[in-house]
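What follows is a single structure, written as structure tokens, with notes after it.
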Number of protein chains: 2
Amino acid sequence: MARGAYHHGDLRRALLDAAVEAIEESGPAALSLRDLARRAGVSHAAPAHHFGDKAGLLTALAVEGYDRLAATLVAAGDDLLEVGVAYVRFAVDHRAHFEVMFRPDLYRRDDPEVAAARGRAGAALRAGVVSVRRGRAPADPAPSAGDELDRDALAAWSIVHGFATLWLAGALPGGTDRDPEAAARAVIRRLFE
Amino acid sequence: MARGAYHHGDLRRALLDAAVEAIEESGPAALSLRDLARRAGVSHAAPAHHFGDKAGLLTALAVEGYDRLAATLVAAGDDLLEVGVAYVRFAVDHRAHFEVMFRPDLYRRDDPEVAAARGRAGAALRAGVVSVRRGRAPADPAPSAGDELDRDALAAWSIVHGFATLWLAGALPGGTDRDPEAAARAVIRRLFE
DNA sequence: GGCGACATCTTGCCGCTGACAAGTTAGGCT
DNA sequence: AGCCTAACTTGTCAGCGGCAAGATGTCGCC
């Protein structure tokens with residue numbers, strides 16, 4: 001076993017899980033390392049050993065989030081509508097991860113692990129956006145190279161990310177709250193109707 | 001004069017301005033009332049008198065943000081493209097206000113002043129979205145009532161909000177950074193082409 | 001013109017937090 | 001057996017938010 005399972009069992013995992021729980025309860029701003037330590041039943045300085053500092057813990061959470069998002073998007077196939085719905089569902093179902101991922105002032109965005117995981121998620125997203133051009137003229141004559149996003153991809157990402165963010169912020173009125181997935185479907189479809 | 005201008009001049013305003021400055025420097029998570037007090041040259045407890053607590057200060061900032069956003073959107077006219085671009089420009093130019101507004105765990109979302117200001121911004125947004133249906137079939141047979149948003153409005157709001165959020169998070173690659181407005185224009189146009 | 005009432009701001013304190021330093025325990029290796 | 005190192009604890013410090021109590025300035029009012 002690579003790490004963990006010495007004294008506590010797997011403290012690193014337990015702390016990350018506790019962080020998710022705490023963030024879902026009261027948002028990332030109110031997160032406290034000492035509270036996480038209490039939840040895991042260890043001393044207040046134990047988290048520092050695994051993550052260095054608070055930003056380190058949130059960096060690990062962001063890495064995990066990007067990886068899970070990538071897996072979710074890949075599993076959704078290559079249909080833009082389904083990939084988009086999967087993006088929104090990920091945000092709703094894993095709001096703690098999602099909120100941290102797009103809050104760069106909370107963690108170390110330049111961390112190489114984060115960059116790699118973000119790259120994987122970005123690739124999965126681009127793969128899903130290919131189908132957006134169905135029934136449309138091809139985009140630019142010069143196809144996007146490397147990690148660039150063409151206009152279609154940017155529009156698709158914007159619309160699903162915006163919907164997810166507004167939903168998480170509680171900014172959407174009434175009926176949307178009950179079934180975000182259906183509302184997201186309708187909104188995304190607006191891109192190619 | 002209604003308030004302020006006793007000892008300091010206008011401490012309330014000075015604190016809000018200092019908050020904007022501090023948030024632009026290092027994000028809302030790192031905001032400290034004591035730091036704001038130092039910037040304004042007053043004691044550490046002075047902010048409490050004007051705002052009660054930290055959430056009170058951020059609530060005031062959110063109210064100000066929604067009001068300024070409403071004014072910005074109204075000034076942009078009733079063309080969806082221009083309203084959308086104005087939304088993005090507001091986020092970029094007033095990132096401190098914008099970031100607080102959509103971070104409901106930081107302030108009191110149910111505050112009546114916030115609700116009123118948010119209502120004004122929402123109305124301005126809806127007014128701008130009317131034109132999205134140009135060249136399209138009218139939306140639902142039953143027009144949206146009160147503060148409801150139909151699918152077109154939701155799609156428009158999502159796409160501009162998503163673009164703005166991603167830009168602020170530094171998630172957009174390369175070229176978008178230099179001229180967010182042009183990129184936003186291209187993305188929004190995607191809604192009715 | 002002086003007095004009281006009030007808004008404004010200060011000083012002092014408490015518990016909590018993140019970070020650091022130094023010590024302790026426990027598992028693995030030879 | 002003996003050691004090494006990872007994993008954790010204990011102790012400490014400065015900074016923070018929030019509260020209480022006091023000081024100071026400003027205004028209405030007679």
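Chains: A, B, ... in order of the structure tokens. Residues: from 1 per chain. Ligands: from 1, in order shown.
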> Within 8 Å of Arg126 (chain B), counting only C-alpha atoms (C1' of nucleotides), which residues qualify if same-chain residues fewer than 3 places away don't, as a count of residues only?
Replying inline: 6
Can you check which parts of chain B lie within 10 Å of chain A? Per residue, the shortest pair of atoms and distance in Å to one decimal, counting only C-alpha atoms, sorted by chain and number, as a Markdown table.
```
| residue | atom | partner | partner_atom | distance |
| --- | --- | --- | --- | --- |
| B:Glu25 | CA | A:Asp105 | CA | 10.0 |
| B:Ser26 | CA | A:Asp105 | CA | 6.8 |
| B:Gly27 | CA | A:Asp105 | CA | 5.8 |
| B:Pro28 | CA | A:Asp105 | CA | 8.3 |
| B:Ala29 | CA | A:Ala29 | CA | 6.0 |
| B:Ala30 | CA | A:Asp105 | CA | 8.4 |
| B:Glu99 | CA | A:Arg103 | CA | 9.9 |
| B:Met101 | CA | A:Ala169 | CA | 9.2 |
| B:Phe102 | CA | A:Ala169 | CA | 5.9 |
| B:Arg103 | CA | A:Ala169 | CA | 6.4 |
| B:Pro104 | CA | A:Ala169 | CA | 6.1 |
| B:Asp105 | CA | A:Gly27 | CA | 6.0 |
| B:Leu106 | CA | A:Ala29 | CA | 7.4 |
| B:Arg109 | CA | A:Gly170 | CA | 9.4 |
| B:Arg118 | CA | A:Ala171 | CA | 9.4 |
| B:Asp147 | CA | A:Pro173 | CA | 7.3 |
| B:Glu148 | CA | A:Pro173 | CA | 6.3 |
| B:Leu149 | CA | A:Pro173 | CA | 7.5 |
| B:Asp150 | CA | A:Val187 | CA | 9.6 |
| B:Arg151 | CA | A:Val187 | CA | 6.1 |
| B:Asp152 | CA | A:Val187 | CA | 7.5 |
| B:Ala153 | CA | A:Val187 | CA | 9.2 |
| B:Leu154 | CA | A:Val187 | CA | 6.8 |
| B:Ala155 | CA | A:Val187 | CA | 5.1 |
| B:Ala156 | CA | A:Ile159 | CA | 8.1 |
| B:Trp157 | CA | A:Gly162 | CA | 7.6 |
| B:Ser158 | CA | A:Gly162 | CA | 4.3 |
| B:Ile159 | CA | A:Ile159 | CA | 4.0 |
| B:Val160 | CA | A:Ser158 | CA | 7.1 |
| B:His161 | CA | A:Gly162 | CA | 5.0 |
| B:Gly162 | CA | A:Gly162 | CA | 3.3 |
| B:Phe163 | CA | A:Ser158 | CA | 4.8 |
| B:Ala164 | CA | A:Ser158 | CA | 8.3 |
| B:Thr165 | CA | A:Gly162 | CA | 7.3 |
| B:Leu166 | CA | A:Ser158 | CA | 7.4 |
| B:Trp167 | CA | A:Ser158 | CA | 9.7 |
| B:Leu168 | CA | A:Phe102 | CA | 9.1 |
| B:Ala169 | CA | A:Phe102 | CA | 5.9 |
| B:Gly170 | CA | A:Pro104 | CA | 7.8 |
| B:Ala171 | CA | A:Phe102 | CA | 7.8 |
| B:Leu172 | CA | A:Leu149 | CA | 8.5 |
| B:Pro173 | CA | A:Glu148 | CA | 6.4 |
| B:Gly174 | CA | A:Glu148 | CA | 7.6 |
| B:Gly175 | CA | A:Glu148 | CA | 8.7 |
| B:Thr176 | CA | A:Leu149 | CA | 9.5 |
| B:Ala183 | CA | A:Arg151 | CA | 8.1 |
| B:Ala184 | CA | A:Ala155 | CA | 8.9 |
| B:Ala186 | CA | A:Arg151 | CA | 6.8 |
| B:Val187 | CA | A:Ala155 | CA | 5.1 |
| B:Ile188 | CA | A:Ala155 | CA | 7.3 |
| B:Arg189 | CA | A:Ala155 | CA | 9.3 |
| B:Arg190 | CA | A:Ala155 | CA | 7.0 |
| B:Leu191 | CA | A:Leu191 | CA | 6.2 |
| B:Phe192 | CA | A:Leu191 | CA | 8.6 |
| B:Glu193 | CA | A:Phe192 | CA | 9.4 |
```
>> What parts of region 46-171 of chain A does DSSP call alpha helix (DSSP H)? I'd like the answer as number ranges by chain.
In response: A: 46-51, 54-75, 80-93, 95-101, 112-129, 151-168
Could you give me, as CSV, every region 47-159 of chain A residue with an atom at most 10 Å from region 8-23 of chain C, plus its closest atom pair and distance in Å to one decimal, counting only C-alpha atoms (C1' of nucleotides), rows ordered by chain then number?
```
residue,atom,partner,partner_atom,distance
A:Ala48,CA,C:DA19,C1',8.8
A:Gly52,CA,C:DA19,C1',9.5
A:Asp53,CA,C:DA19,C1',7.8
A:Lys54,CA,C:DG18,C1',7.8
```
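If you measure from each of B:Ala121, B:Ala182, B:Leu69, B:Val74 to Asp93 (chain B) using only C-alpha atoms, the closest one turns out to be B:Leu69.
The chain D residues that come within 10 Å of chain B are DG15, DC16, DG17, DG18, DC19, DT24, DG25 and DT26 of chain D, with only C-alpha atoms (C1' of nucleotides) taken into account.
Picture a line from CA of Leu81 (chain B) to CA of Arg120 (chain B); it runs 19.7 Å.
Near DA5 (chain C), within a cut-off of 12 Å and counting only C-alpha atoms (C1' of nucleotides), sit the residues DT26, DC27, DG28 and DC29 of chain D, with same-chain residues fewer than 3 positions away left out.
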> Looking at only C-alpha atoms (C1' of nucleotides), which of B:Phe90, B:Ser43, B:His50, B:Ala37 is the one that sits closest to DA7 (chain C)?
Replying inline: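 That would be B:His50, the residue with the smallest distance to DA7 (chain C).
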> CA of Tyr107 (chain B) and C1' of DA14 (chain D) are how many Å apart?
Replying inline: 26.9 Å
